>>> print(open('model.pdb').read())   # PDB, C-alpha atoms
ATOM      1  CA  MET A  94       4.507  -2.761  16.103  1.00  0.00           C
ATOM      2  CA  LEU A  95       3.382  -5.668  13.911  1.00  0.00           C
ATOM      3  CA  PHE A  96      -0.067  -4.118  13.570  1.00  0.00           C
ATOM      4  CA  ALA A  97       1.293  -0.682  12.649  1.00  0.00           C
ATOM      5  CA  GLY A  98       3.797  -2.178  10.212  1.00  0.00           C
ATOM      6  CA  PHE A  99       1.120  -4.296   8.558  1.00  0.00           C
ATOM      7  CA  VAL A 100      -1.234  -1.333   8.096  1.00  0.00           C
ATOM      8  CA  HIS A 101       1.529   0.883   6.712  1.00  0.00           C
ATOM      9  CA  SER A 102       2.724  -1.828   4.288  1.00  0.00           C
ATOM     10  CA  SER A 103      -0.812  -2.640   3.138  1.00  0.00           C
ATOM     11  CA  VAL A 104      -1.632   0.976   2.324  1.00  0.00           C
ATOM     12  CA  TYR A 105       1.798   1.725   0.821  1.00  0.00           C
ATOM     13  CA  TYR A 106       1.886  -1.233  -1.566  1.00  0.00           C
ATOM     14  CA  GLY A 107      -1.850  -1.026  -2.171  1.00  0.00           C
ATOM     15  CA  TYR A 108      -1.170   2.356  -3.760  1.00  0.00           C
ATOM     16  CA  PHE A 109       0.953   0.471  -6.305  1.00  0.00           C
ATOM     17  CA  HIS A 110      -1.786  -2.150  -6.884  1.00  0.00           C
ATOM     18  CA  LEU A 111      -0.056  -4.828  -4.772  1.00  0.00           C
ATOM     19  CA  GLU A 112      -1.003  -6.890  -1.734  1.00  0.00           C
ATOM     20  CA  SER A 113       1.691  -6.714   0.953  1.00  0.00           C
ATOM     21  CA  SER A 114       0.778 -10.245   2.069  1.00  0.00           C
ATOM     22  CA  ALA A 115       1.511 -11.518  -1.458  1.00  0.00           C
ATOM     23  CA  ILE A 116       4.963  -9.931  -1.369  1.00  0.00           C
ATOM     24  CA  GLY A 117       5.737 -11.915   1.766  1.00  0.00           C
ATOM     25  CA  PHE A 118       7.142  -9.684   4.513  1.00  0.00           C
ATOM     26  CA  ASP A 119       8.113 -11.436   7.739  1.00  0.00           C
ATOM     27  CA  SER A 120       7.312 -10.222  11.252  1.00  0.00           C
ATOM     28  CA  VAL A 121      10.707  -8.555  11.747  1.00  0.00           C
ATOM     29  CA  GLU A 122      10.315  -6.485   8.580  1.00  0.00           C
ATOM     30  CA  LEU A 123       6.812  -5.415   9.583  1.00  0.00           C
ATOM     31  CA  ALA A 124       8.015  -4.432  13.056  1.00  0.00           C
ATOM     32  CA  LEU A 125      10.869  -2.390  11.593  1.00  0.00           C
ATOM     33  CA  ARG A 126       8.493  -0.702   9.172  1.00  0.00           C
ATOM     34  CA  SER A 127       6.392   0.426  12.141  1.00  0.00           C
ATOM     35  CA  LEU A 128       9.339   2.600  13.228  1.00  0.00           C
ATOM     36  CA  ARG A 129       8.334   4.855  10.342  1.00  0.00           C
ATOM     37  CA  LEU A 130       5.666   6.146  12.740  1.00  0.00           C
ATOM     38  CA  ALA A 131       8.326   7.347  15.190  1.00  0.00           C
ATOM     39  CA  THR A 132       8.257  10.893  13.838  1.00  0.00           C
ATOM     40  CA  PHE A 133       9.419  13.925  15.797  1.00  0.00           C
ATOM     41  CA  PRO A 134       5.895  15.137  16.766  1.00  0.00           C
ATOM     42  CA  VAL A 135       4.982  11.637  17.976  1.00  0.00           C
ATOM     43  CA  LEU A 136       8.125  11.401  20.125  1.00  0.00           C
ATOM     44  CA  ILE A 137       7.460  14.844  21.615  1.00  0.00           C
ATOM     45  CA  THR A 138       3.870  13.847  22.432  1.00  0.00           C
ATOM     46  CA  LEU A 139       4.994  10.618  24.105  1.00  0.00           C
ATOM     47  CA  ALA A 140       7.613  12.496  26.136  1.00  0.00           C
ATOM     48  CA  LEU A 141       4.985  14.974  27.334  1.00  0.00           C
ATOM     49  CA  ALA A 142       2.580  12.150  28.206  1.00  0.00           C
ATOM     50  CA  ILE A 143       5.277  10.612  30.406  1.00  0.00           C
ATOM     51  CA  VAL A 144       6.483  13.829  32.044  1.00  0.00           C
ATOM     52  CA  LEU A 145       3.203  15.683  32.674  1.00  0.00           C
ATOM     53  CA  PRO A 146       1.836  13.324  35.385  1.00  0.00           C
ATOM     54  CA  ARG A 147       5.130  13.721  37.299  1.00  0.00           C
ATOM     55  CA  LEU A 148       5.428  17.444  36.727  1.00  0.00           C
ATOM     56  CA  PRO A 149       4.306  18.515  40.251  1.00  0.00           C
ATOM     57  CA  GLU A 150       7.064  16.324  41.702  1.00  0.00           C
ATOM     58  CA  LEU A 151       9.719  17.782  39.399  1.00  0.00           C
ATOM     59  CA  LEU A 152       8.865  21.469  39.714  1.00  0.00           C
ATOM     60  CA  PRO A 153      10.062  21.911  43.353  1.00  0.00           C
ATOM     61  CA  THR A 154      13.520  20.723  42.320  1.00  0.00           C
ATOM     62  CA  LEU A 155      13.533  23.483  39.688  1.00  0.00           C
ATOM     63  CA  GLY A 156      12.749  26.171  42.266  1.00  0.00           C
ATOM     64  CA  VAL A 157       9.179  26.842  41.123  1.00  0.00           C
ATOM     65  CA  PRO A 158       7.166  28.672  43.836  1.00  0.00           C
ATOM     66  CA  SER A 159       4.738  26.487  45.762  1.00  0.00           C
ATOM     67  CA  HIS A 160       1.696  28.644  44.949  1.00  0.00           C
ATOM     68  CA  LEU A 161       2.282  28.077  41.235  1.00  0.00           C
ATOM     69  CA  ILE A 162       2.562  24.334  41.823  1.00  0.00           C
ATOM     70  CA  ARG A 163      -0.766  24.352  43.686  1.00  0.00           C
ATOM     71  CA  ARG A 164      -2.396  26.155  40.772  1.00  0.00           C
ATOM     72  CA  MET A 165      -1.024  23.606  38.354  1.00  0.00           C
ATOM     73  CA  ARG A 166      -2.351  20.774  40.516  1.00  0.00           C
ATOM     74  CA  ARG A 167      -5.802  22.348  40.547  1.00  0.00           C
ATOM     75  CA  ALA A 168      -5.675  22.817  36.785  1.00  0.00           C
ATOM     76  CA  GLY A 169      -4.643  19.181  36.319  1.00  0.00           C
ATOM     77  CA  ARG A 170      -7.505  17.969  38.525  1.00  0.00           C
ATOM     78  CA  ALA A 171      -9.949  20.147  36.577  1.00  0.00           C
ATOM     79  CA  VAL A 172      -8.773  18.626  33.305  1.00  0.00           C
ATOM     80  CA  ALA A 173      -9.076  15.097  34.715  1.00  0.00           C
ATOM     81  CA  ARG A 174     -12.596  15.745  36.021  1.00  0.00           C
ATOM     82  CA  ALA A 175     -13.611  16.950  32.542  1.00  0.00           C
ATOM     83  CA  TYR A 176     -12.851  13.523  31.046  1.00  0.00           C
ATOM     84  CA  LEU A 177     -16.426  13.160  29.814  1.00  0.00           C
ATOM     85  CA  ALA A 178     -15.946  16.325  27.755  1.00  0.00           C
ATOM     86  CA  PHE A 179     -13.024  14.646  25.957  1.00  0.00           C
ATOM     87  CA  VAL A 180     -15.168  11.601  25.210  1.00  0.00           C
ATOM     88  CA  ALA A 181     -18.060  13.763  24.007  1.00  0.00           C
ATOM     89  CA  ALA A 182     -15.755  15.836  21.789  1.00  0.00           C
ATOM     90  CA  GLY A 183     -14.370  12.653  20.227  1.00  0.00           C
ATOM     91  CA  ILE A 184     -17.872  11.347  19.524  1.00  0.00           C
ATOM     92  CA  VAL A 185     -18.870  14.650  17.918  1.00  0.00           C
ATOM     93  CA  LEU A 186     -15.810  14.510  15.658  1.00  0.00           C
ATOM     94  CA  MET A 187     -16.746  10.949  14.653  1.00  0.00           C
ATOM     95  CA  LEU A 188     -20.132  12.255  13.538  1.00  0.00           C
ATOM     96  CA  LEU A 189     -18.252  14.819  11.431  1.00  0.00           C
ATOM     97  CA  TRP A 190     -15.860  12.172  10.080  1.00  0.00           C
ATOM     98  CA  ARG A 191     -15.921  13.220   6.416  1.00  0.00           C
ATOM     99  CA  TYR A 192     -15.210  16.841   7.307  1.00  0.00           C
ATOM    100  CA  ILE A 193     -12.182  16.335   9.570  1.00  0.00           C
ATOM    101  CA  GLN A 194      -9.875  14.582   7.101  1.00  0.00           C
ATOM    102  CA  PRO A 195      -6.878  14.189   7.212  1.00  0.00           C
ATOM    103  CA  PHE A 196      -7.049  14.657  10.983  1.00  0.00           C
ATOM    104  CA  ALA A 197      -9.605  11.931  11.637  1.00  0.00           C
ATOM    105  CA  TRP A 198      -7.213  10.260  14.090  1.00  0.00           C
ATOM    106  CA  ALA A 199      -8.001  13.091  16.544  1.00  0.00           C
ATOM    107  CA  ALA A 200     -11.514  11.706  17.156  1.00  0.00           C
ATOM    108  CA  PRO A 201     -10.538   8.292  18.612  1.00  0.00           C
ATOM    109  CA  LEU A 202      -7.560   9.904  20.351  1.00  0.00           C
ATOM    110  CA  LEU A 203      -9.854  12.253  22.278  1.00  0.00           C
ATOM    111  CA  VAL A 204     -12.080   9.350  23.327  1.00  0.00           C
ATOM    112  CA  ALA A 205      -9.060   7.320  24.475  1.00  0.00           C
ATOM    113  CA  CYS A 206      -7.659  10.269  26.454  1.00  0.00           C
ATOM    114  CA  GLY A 207     -11.036  10.809  28.114  1.00  0.00           C
ATOM    115  CA  LEU A 208     -11.336   7.148  29.112  1.00  0.00           C
ATOM    116  CA  ILE A 209      -7.813   7.130  30.540  1.00  0.00           C
ATOM    117  CA  LEU A 210      -8.319  10.406  32.452  1.00  0.00           C
ATOM    118  CA  GLY A 211     -11.494   8.955  33.932  1.00  0.00           C
ATOM    119  CA  GLN A 212      -9.433   6.232  35.612  1.00  0.00           C
ATOM    120  CA  THR A 213      -7.070   8.612  37.384  1.00  0.00           C
ATOM    121  CA  SER A 214      -7.415   9.482  41.052  1.00  0.00           C
ATOM    122  CA  ALA A 215      -7.736  13.162  40.146  1.00  0.00           C
ATOM    123  CA  ALA A 216     -10.958  12.449  38.256  1.00  0.00           C
ATOM    124  CA  ALA A 217     -12.676  11.172  41.432  1.00  0.00           C
ATOM    125  CA  PRO A 218     -10.754  12.486  44.449  1.00  0.00           C
ATOM    126  CA  VAL A 219     -13.387  11.338  46.938  1.00  0.00           C
ATOM    127  CA  ALA A 220     -14.226   7.689  46.350  1.00  0.00           C
ATOM    128  CA  THR A 221     -17.511   6.666  47.848  1.00  0.00           C
ATOM    129  CA  ARG A 222     -16.702   2.999  47.323  1.00  0.00           C
ATOM    130  CA  ARG A 223     -13.874   0.940  46.013  1.00  0.00           C
ATOM    131  CA  ARG A 224     -14.086   0.321  42.305  1.00  0.00           C
ATOM    132  CA  ARG A 225     -14.527  -3.211  41.119  1.00  0.00           C
ATOM    133  CA  LEU A 226     -12.021  -4.664  38.686  1.00  0.00           C
ATOM    134  CA  TRP A 227     -14.644  -4.741  35.920  1.00  0.00           C
ATOM    135  CA  ASP A 228     -15.383  -1.027  36.401  1.00  0.00           C
ATOM    136  CA  ARG A 229     -11.755  -0.226  35.621  1.00  0.00           C
ATOM    137  CA  ALA A 230     -11.050  -2.938  33.057  1.00  0.00           C
ATOM    138  CA  LEU A 231     -13.818  -1.965  30.641  1.00  0.00           C
ATOM    139  CA  PRO A 232     -12.748   1.695  30.165  1.00  0.00           C
ATOM    140  CA  VAL A 233      -9.077   0.695  29.923  1.00  0.00           C
ATOM    141  CA  ALA A 234      -9.879  -1.944  27.297  1.00  0.00           C
ATOM    142  CA  GLY A 235     -11.978   0.598  25.405  1.00  0.00           C
ATOM    143  CA  ALA A 236      -9.121   3.124  25.529  1.00  0.00           C
ATOM    144  CA  ALA A 237      -6.721   0.479  24.191  1.00  0.00           C
ATOM    145  CA  LEU A 238      -9.033  -0.250  21.250  1.00  0.00           C
ATOM    146  CA  PHE A 239      -9.376   3.436  20.426  1.00  0.00           C
ATOM    147  CA  LEU A 240      -5.597   3.860  20.610  1.00  0.00           C
ATOM    148  CA  MET A 241      -5.180   0.956  18.167  1.00  0.00           C
ATOM    149  CA  TRP A 242      -7.623   2.752  15.891  1.00  0.00           C
ATOM    150  CA  VAL A 243      -5.456   5.878  16.160  1.00  0.00           C
ATOM    151  CA  VAL A 244      -2.382   3.836  15.213  1.00  0.00           C
ATOM    152  CA  ALA A 245      -4.213   2.302  12.233  1.00  0.00           C
ATOM    153  CA  LEU A 246      -5.356   5.711  10.958  1.00  0.00           C
ATOM    154  CA  ALA A 247      -1.922   7.276  11.430  1.00  0.00           C
ATOM    155  CA  ALA A 248      -0.107   4.327   9.836  1.00  0.00           C
ATOM    156  CA  GLY A 249      -2.498   4.270   6.889  1.00  0.00           C
ATOM    157  CA  GLN A 250      -2.212   8.015   6.332  1.00  0.00           C
ATOM    158  CA  LEU A 251       1.593   7.859   6.528  1.00  0.00           C
ATOM    159  CA  GLY A 252       1.678   4.865   4.163  1.00  0.00           C
ATOM    160  CA  ARG A 253      -0.350   6.786   1.587  1.00  0.00           C
ATOM    161  CA  GLN A 254       1.875   9.852   1.934  1.00  0.00           C
ATOM    162  CA  ASP A 255       5.044   7.747   1.564  1.00  0.00           C
ATOM    163  CA  ALA A 256       3.670   6.040  -1.543  1.00  0.00           C
ATOM    164  CA  GLU A 257       2.670   9.335  -3.190  1.00  0.00           C
ATOM    165  CA  ARG A 258       6.076  10.838  -2.409  1.00  0.00           C
ATOM    166  CA  ASP A 259       7.954   7.816  -3.800  1.00  0.00           C
ATOM    167  CA  ALA A 260       5.801   7.864  -6.946  1.00  0.00           C
ATOM    168  CA  GLU A 261       6.654  11.528  -7.497  1.00  0.00           C
ATOM    169  CA  ARG A 262      10.381  10.789  -7.012  1.00  0.00           C
ATOM    170  CA  LEU A 263      10.345   7.569  -8.998  1.00  0.00           C
ATOM    171  CA  VAL A 264      13.338   8.575 -11.109  1.00  0.00           C
ATOM    172  CA  ARG A 265      15.552   8.490  -7.982  1.00  0.00           C
ATOM    173  CA  ARG A 266      14.889   4.829  -7.223  1.00  0.00           C
ATOM    174  CA  VAL A 267      17.155   1.993  -8.354  1.00  0.00           C
ATOM    175  CA  ALA A 268      17.087   1.687 -12.163  1.00  0.00           C
ATOM    176  CA  VAL A 269      16.389  -1.782 -13.585  1.00  0.00           C
ATOM    177  CA  LEU A 270      17.296  -3.193 -16.991  1.00  0.00           C
ATOM    178  CA  VAL A 271      15.446  -6.371 -17.938  1.00  0.00           C
ATOM    179  CA  HIS A 272      17.035  -8.596 -20.593  1.00  0.00           C
ATOM    180  CA  SER A 273      14.838 -11.402 -21.917  1.00  0.00           C
ATOM    181  CA  THR A 274      15.183 -14.245 -24.415  1.00  0.00           C
ATOM    182  CA  GLU A 275      11.502 -13.852 -25.298  1.00  0.00           C
ATOM    183  CA  GLN A 276       9.440 -10.756 -25.923  1.00  0.00           C
ATOM    184  CA  LEU A 277       7.510  -9.789 -22.814  1.00  0.00           C
ATOM    185  CA  SER A 278       3.906  -8.641 -23.051  1.00  0.00           C
ATOM    186  CA  ILE A 279       4.378  -5.388 -21.226  1.00  0.00           C
ATOM    187  CA  THR A 280       3.474  -1.902 -22.346  1.00  0.00           C
ATOM    188  CA  GLY A 281       3.388   1.340 -20.516  1.00  0.00           C
ATOM    189  CA  PRO A 282       3.973   5.099 -20.559  1.00  0.00           C
ATOM    190  CA  PRO A 283       6.623   6.690 -22.803  1.00  0.00           C
ATOM    191  CA  GLY A 284       9.216   6.235 -20.066  1.00  0.00           C
ATOM    192  CA  LEU A 285       9.288   2.475 -20.779  1.00  0.00           C
ATOM    193  CA  VAL A 286      11.779   1.702 -23.580  1.00  0.00           C
ATOM    194  CA  ILE A 287      11.586  -1.657 -25.422  1.00  0.00           C
ATOM    195  CA  GLU A 288      14.500  -2.646 -27.696  1.00  0.00           C
ATOM    196  CA  ASP A 289      15.083  -5.603 -30.018  1.00  0.00           C
ATOM    197  CA  LEU A 290      18.861  -6.181 -29.982  1.00  0.00           C
ATOM    198  CA  GLY A 291      18.834  -8.714 -32.838  1.00  0.00           C
ATOM    199  CA  GLU A 292      18.633 -12.453 -33.380  1.00  0.00           C
ATOM    200  CA  GLY A 293      22.301 -13.098 -32.662  1.00  0.00           C
ATOM    201  CA  LEU A 294      22.019 -12.374 -28.932  1.00  0.00           C
ATOM    202  CA  HIS A 295      20.783 -14.825 -26.335  1.00  0.00           C
ATOM    203  CA  TYR A 296      18.984 -12.053 -24.440  1.00  0.00           C
ATOM    204  CA  ARG A 297      17.426 -10.445 -27.470  1.00  0.00           C
ATOM    205  CA  TYR A 298      14.989  -8.032 -25.870  1.00  0.00           C
ATOM    206  CA  ARG A 299      15.913  -5.243 -23.477  1.00  0.00           C
ATOM    207  CA  TYR A 300      13.491  -3.227 -21.353  1.00  0.00           C
ATOM    208  CA  SER A 301      14.674  -0.012 -19.730  1.00  0.00           C
ATOM    209  CA  GLY A 302      13.072   3.013 -18.120  1.00  0.00           C
ATOM    210  CA  LEU A 303      12.064   0.895 -15.124  1.00  0.00           C
ATOM    211  CA  ARG A 304      12.502   1.540 -11.417  1.00  0.00           C
ATOM    212  CA  LEU A 305      12.603  -0.972  -8.583  1.00  0.00           C
ATOM    213  CA  LEU A 306       9.784  -0.867  -6.068  1.00  0.00           C
ATOM    214  CA  VAL A 307      10.771  -3.969  -4.094  1.00  0.00           C
ATOM    215  CA  GLU A 308      12.479  -7.328  -4.648  1.00  0.00           C
ATOM    216  CA  ARG A 309      11.438 -10.527  -2.924  1.00  0.00           C
ATOM    217  CA  ASP A 310      12.664 -14.087  -3.581  1.00  0.00           C
ATOM    218  CA  HIS A 311      14.017 -13.309  -7.086  1.00  0.00           C
ATOM    219  CA  ARG A 312      10.778 -11.570  -7.984  1.00  0.00           C
ATOM    220  CA  TYR A 313      11.073  -7.937  -8.983  1.00  0.00           C
ATOM    221  CA  TYR A 314       8.210  -5.464  -8.687  1.00  0.00           C
ATOM    222  CA  LEU A 315       8.907  -2.690 -11.189  1.00  0.00           C
ATOM    223  CA  LEU A 316       7.416   0.665 -12.116  1.00  0.00           C
ATOM    224  CA  PRO A 317       7.948   2.459 -15.441  1.00  0.00           C
ATOM    225  CA  LEU A 318       9.078   6.060 -15.508  1.00  0.00           C
ATOM    226  CA  GLY A 319       6.079   8.339 -15.763  1.00  0.00           C
ATOM    227  CA  TRP A 320       3.980   5.821 -13.819  1.00  0.00           C
ATOM    228  CA  ASN A 321       0.440   6.979 -13.069  1.00  0.00           C
ATOM    229  CA  HIS A 322      -1.486   5.575 -10.130  1.00  0.00           C
ATOM    230  CA  ASN A 323      -4.838   5.697 -11.909  1.00  0.00           C
ATOM    231  CA  THR A 324      -3.893   4.116 -15.248  1.00  0.00           C
ATOM    232  CA  ASP A 325      -0.529   2.306 -15.209  1.00  0.00           C
ATOM    233  CA  PRO A 326       0.279  -1.213 -14.003  1.00  0.00           C
ATOM    234  CA  THR A 327       3.038  -2.487 -11.740  1.00  0.00           C
ATOM    235  CA  TYR A 328       5.177  -5.131 -13.469  1.00  0.00           C
ATOM    236  CA  VAL A 329       6.091  -8.371 -11.697  1.00  0.00           C
ATOM    237  CA  ILE A 330       9.161 -10.043 -13.232  1.00  0.00           C
ATOM    238  CA  ASP A 331      10.425 -13.467 -12.130  1.00  0.00           C
ATOM    239  CA  ASP A 332      14.188 -13.804 -12.443  1.00  0.00           C
ATOM    240  CA  ASP A 333      14.761 -17.187 -14.128  1.00  0.00           C
ATOM    241  CA  GLU A 334      16.962 -18.628 -16.904  1.00  0.00           C
ATOM    242  CA  THR A 335      15.125 -16.573 -19.552  1.00  0.00           C
ATOM    243  CA  ILE A 336      15.581 -13.279 -17.709  1.00  0.00           C
ATOM    244  CA  ARG A 337      18.637 -11.261 -16.718  1.00  0.00           C
ATOM    245  CA  ILE A 338      18.221  -8.364 -14.330  1.00  0.00           C
ATOM    246  CA  GLU A 339      20.637  -5.436 -14.085  1.00  0.00           C
ATOM    247  CA  LEU A 340      20.416  -2.952 -11.237  1.00  0.00           C
ATOM    248  CA  ARG A 341      21.840   0.524 -11.723  1.00  0.00           C
ATOM    249  CA  PRO A 342      21.778   3.798  -9.782  1.00  0.00           C
ATOM    250  CA  GLY A 343      18.732   5.949 -10.230  1.00  0.00           C
ATOM    251  CA  THR A 344      18.915   9.595 -11.232  1.00  0.00           C
ATOM    252  CA  GLN A 345      20.066  11.649  -8.255  1.00  0.00           C
ATOM    253  CA  PRO A 346      19.366  15.364  -7.741  1.00  0.00           C
ATOM    254  CA  ARG A 347      22.215  17.822  -8.215  1.00  0.00           C
ATOM    255  CA  ARG A 348      23.924  19.010  -5.072  1.00  0.00           C
TER     256      ARG A 348
END
>>> encode(input="model.pdb", output="structure tokens")
Amino acid sequence: MLFAGFVHSSVYYGYFHLESSAIGFDSVELALRSLRLATFPVLITLALAIVLPRLPELLPTLGVPSHLIRRMRRAGRAVARAYLAFVAAGIVLMLLWRYIQPFAWAAPLLVACGLILGQTSAAAPVATRRRRLWDRALPVAGAALFLMWVVALAAGQLGRQDAERDAERLVRRVAVLVHSTEQLSITGPPGLVIEDLGEGLHYRYRYSGLRLLVERDHRYYLLPLGWNHNTDPTYVIDDDETIRIELRPGTQPRR
């Protein structure tokens, strides 16, 4: 969970020209961010992965005829014995890496599934000799590494998608007004409004048209309305005695 949360945060905030490590997320926040990967398709896949190996034991209780159960067992053994085909298919997809985006995660997933199937009893029903621990540990360790690669690819892809979506809906985020005693050297797209309120006010300068990306330890990371990933900066404002920050609701869609 820490690994997935770190990858997602790095890609998400990297889209806004920030380093997630510089923002300073703790381990709990990274672990919670990894729950973003718990999407409906992922949960369905995990449920199937848990239920399928036990399916022959469950079907008799559902009244499924025995001849159908035998056919399903034979089909399952045939799939397990074809584990090398899964590995080969994953390797072929790796060679075609640039052409299989954004589904590149399928390549390491196929290799991991093949390595795991190769360790099942159905893959080698007649054992000529007992397997040594090393013979089993190496494929399992390889499958674990490929699964971590799958998690990294999925977390990175989801982080990029989340960042692009939030940038498109920037107007809905929390609005920020920055009041300053001194003029700040910030410029940006037309959405950023800079006002001089006059010499008689302590906080003379007001900056509006900003949206909150994240706040950490009295440091505000702000984006101007109309922000463009390719050309516009992300502002970092420290809240001290020369700055006053006001947080207001963002623009919400009509219901």
>>> resolve_selection(input="model.pdb", expression="the PyMOL selection byres ((chain A and resi 205) around 12)", output="JSON, numbers by chain")
{"A": [176, 177, 178, 179, 180, 181, 182, 183, 184, 198, 199, 200, 201, 202, 203, 204, 206, 207, 208, 209, 210, 211, 212, 232, 233, 234, 235, 236, 237, 238, 239, 240, 241, 242, 243, 244]}
>>> closest_residue(input="model.pdb", among="A:His322, A:His101, A:Arg170, A:Arg337", to="Glu122 (chain A)", atoms="all atoms listed in the file")
A:His101
>>> closest_residue(input="model.pdb", among="A:Arg262, A:Arg129, A:Arg253, A:Arg309", to="Ala97 (chain A)", atoms="only C-alpha atoms")
A:Arg129
>>> atom_distance(input="model.pdb", atom1="CA of Val286 (chain A)", atom2="CA of Leu315 (chain A)")
13.5 Å
>>> closest_residue(input="model.pdb", among="A:Trp320, A:Ser102, A:Tyr300, A:Gly343", to="Ala115 (chain A)", atoms="all atoms listed in the file")
A:Ser102
>>> closest_residue(input="model.pdb", among="A:Gln250, A:Thr138, A:Ser278, A:Gln194", to="Val329 (chain A)", atoms="all atoms listed in the file")
A:Ser278
>>> atom_distance(input="model.pdb", atom1="CA of Pro342 (chain A)", atom2="CA of Asp255 (chain A)")
20.6 Å
>>> resolve_selection(input="model.pdb", expression="the PyMOL selection byres ((chain A and resi 281) around 8)", output="MDAnalysis selection string")
chainID A and resid 279:280 282:285 317 325:326
>>> residues_around(input="model.pdb", residues="Arg166 (chain A)", least_positions_apart="4", cutoff="12 Å", atoms="all atoms listed in the file", output="count of residues only")
16
>>> axis_aligned_box(input="model.pdb", around="region 264-272 of chain A", padding_each_side="6 Å", output="JSON")
{"center_x": 15.3, "center_y": 0.0, "center_z": -13.9, "size_x": 16.0, "size_y": 29.2, "size_z": 25.4}
>>> atom_distance(input="model.pdb", atom1="CA of Pro158 (chain A)", atom2="CA of Val144 (chain A)")
19.0 Å
>>> resolve_selection(input="model.pdb", expression="the PyMOL selection byres ((chain A and resi 256) around 10)", output="PyMOL selection string")
chain A and resi 101-102+104-109+251-255+257-262
>>> closest_residue(input="model.pdb", among="A:Leu340, A:Val307, A:Met165, A:Ile143", to="Phe118 (chain A)", atoms="all atoms listed in the file")
A:Val307
>>> closest_residue(input="model.pdb", among="A:Leu246, A:Ala168, A:Leu263, A:Ile338", to="Leu130 (chain A)", atoms="all atoms listed in the file")
A:Leu246
>>> build_atoms(input="model.pdb", residues="region 153-165 of chain A", atoms="N, CA and C atoms", output="short mmCIF file (atom, residue, chain, number, x, y, z; two decimals), in the coordinates of the input")
data_model
loop_
_atom_site.label_atom_id
_atom_site.label_comp_id
_atom_site.auth_asym_id
_atom_site.auth_seq_id
_atom_site.Cartn_x
_atom_site.Cartn_y
_atom_site.Cartn_z
N PRO A 153 9.34 21.39 42.18
CA PRO A 153 10.06 21.91 43.35
C PRO A 153 11.57 21.85 43.20
N THR A 154 12.07 20.82 42.51
CA THR A 154 13.52 20.72 42.32
C THR A 154 14.04 21.81 41.39
N LEU A 155 13.14 22.41 40.60
CA LEU A 155 13.53 23.48 39.69
C LEU A 155 13.34 24.86 40.31
N GLY A 156 12.91 24.90 41.57
CA GLY A 156 12.75 26.17 42.27
C GLY A 156 11.47 26.90 41.94
N VAL A 157 10.45 26.20 41.44
CA VAL A 157 9.18 26.84 41.12
C VAL A 157 8.43 27.12 42.42
N PRO A 158 7.89 28.34 42.59
CA PRO A 158 7.17 28.67 43.84
C PRO A 158 6.01 27.71 44.10
N SER A 159 5.75 27.46 45.37
CA SER A 159 4.74 26.49 45.76
C SER A 159 3.34 26.91 45.34
N HIS A 160 3.05 28.22 45.33
CA HIS A 160 1.70 28.64 44.95
C HIS A 160 1.43 28.35 43.47
N LEU A 161 2.46 28.42 42.64
CA LEU A 161 2.28 28.08 41.24
C LEU A 161 2.06 26.57 41.07
N ILE A 162 2.74 25.79 41.89
CA ILE A 162 2.56 24.33 41.82
C ILE A 162 1.15 23.97 42.23
N ARG A 163 0.61 24.63 43.27
CA ARG A 163 -0.77 24.35 43.69
C ARG A 163 -1.75 24.70 42.58
N ARG A 164 -1.51 25.80 41.89
CA ARG A 164 -2.40 26.16 40.77
C ARG A 164 -2.34 25.11 39.66
N MET A 165 -1.16 24.63 39.39
CA MET A 165 -1.02 23.61 38.35
C MET A 165 -1.72 22.31 38.77
#
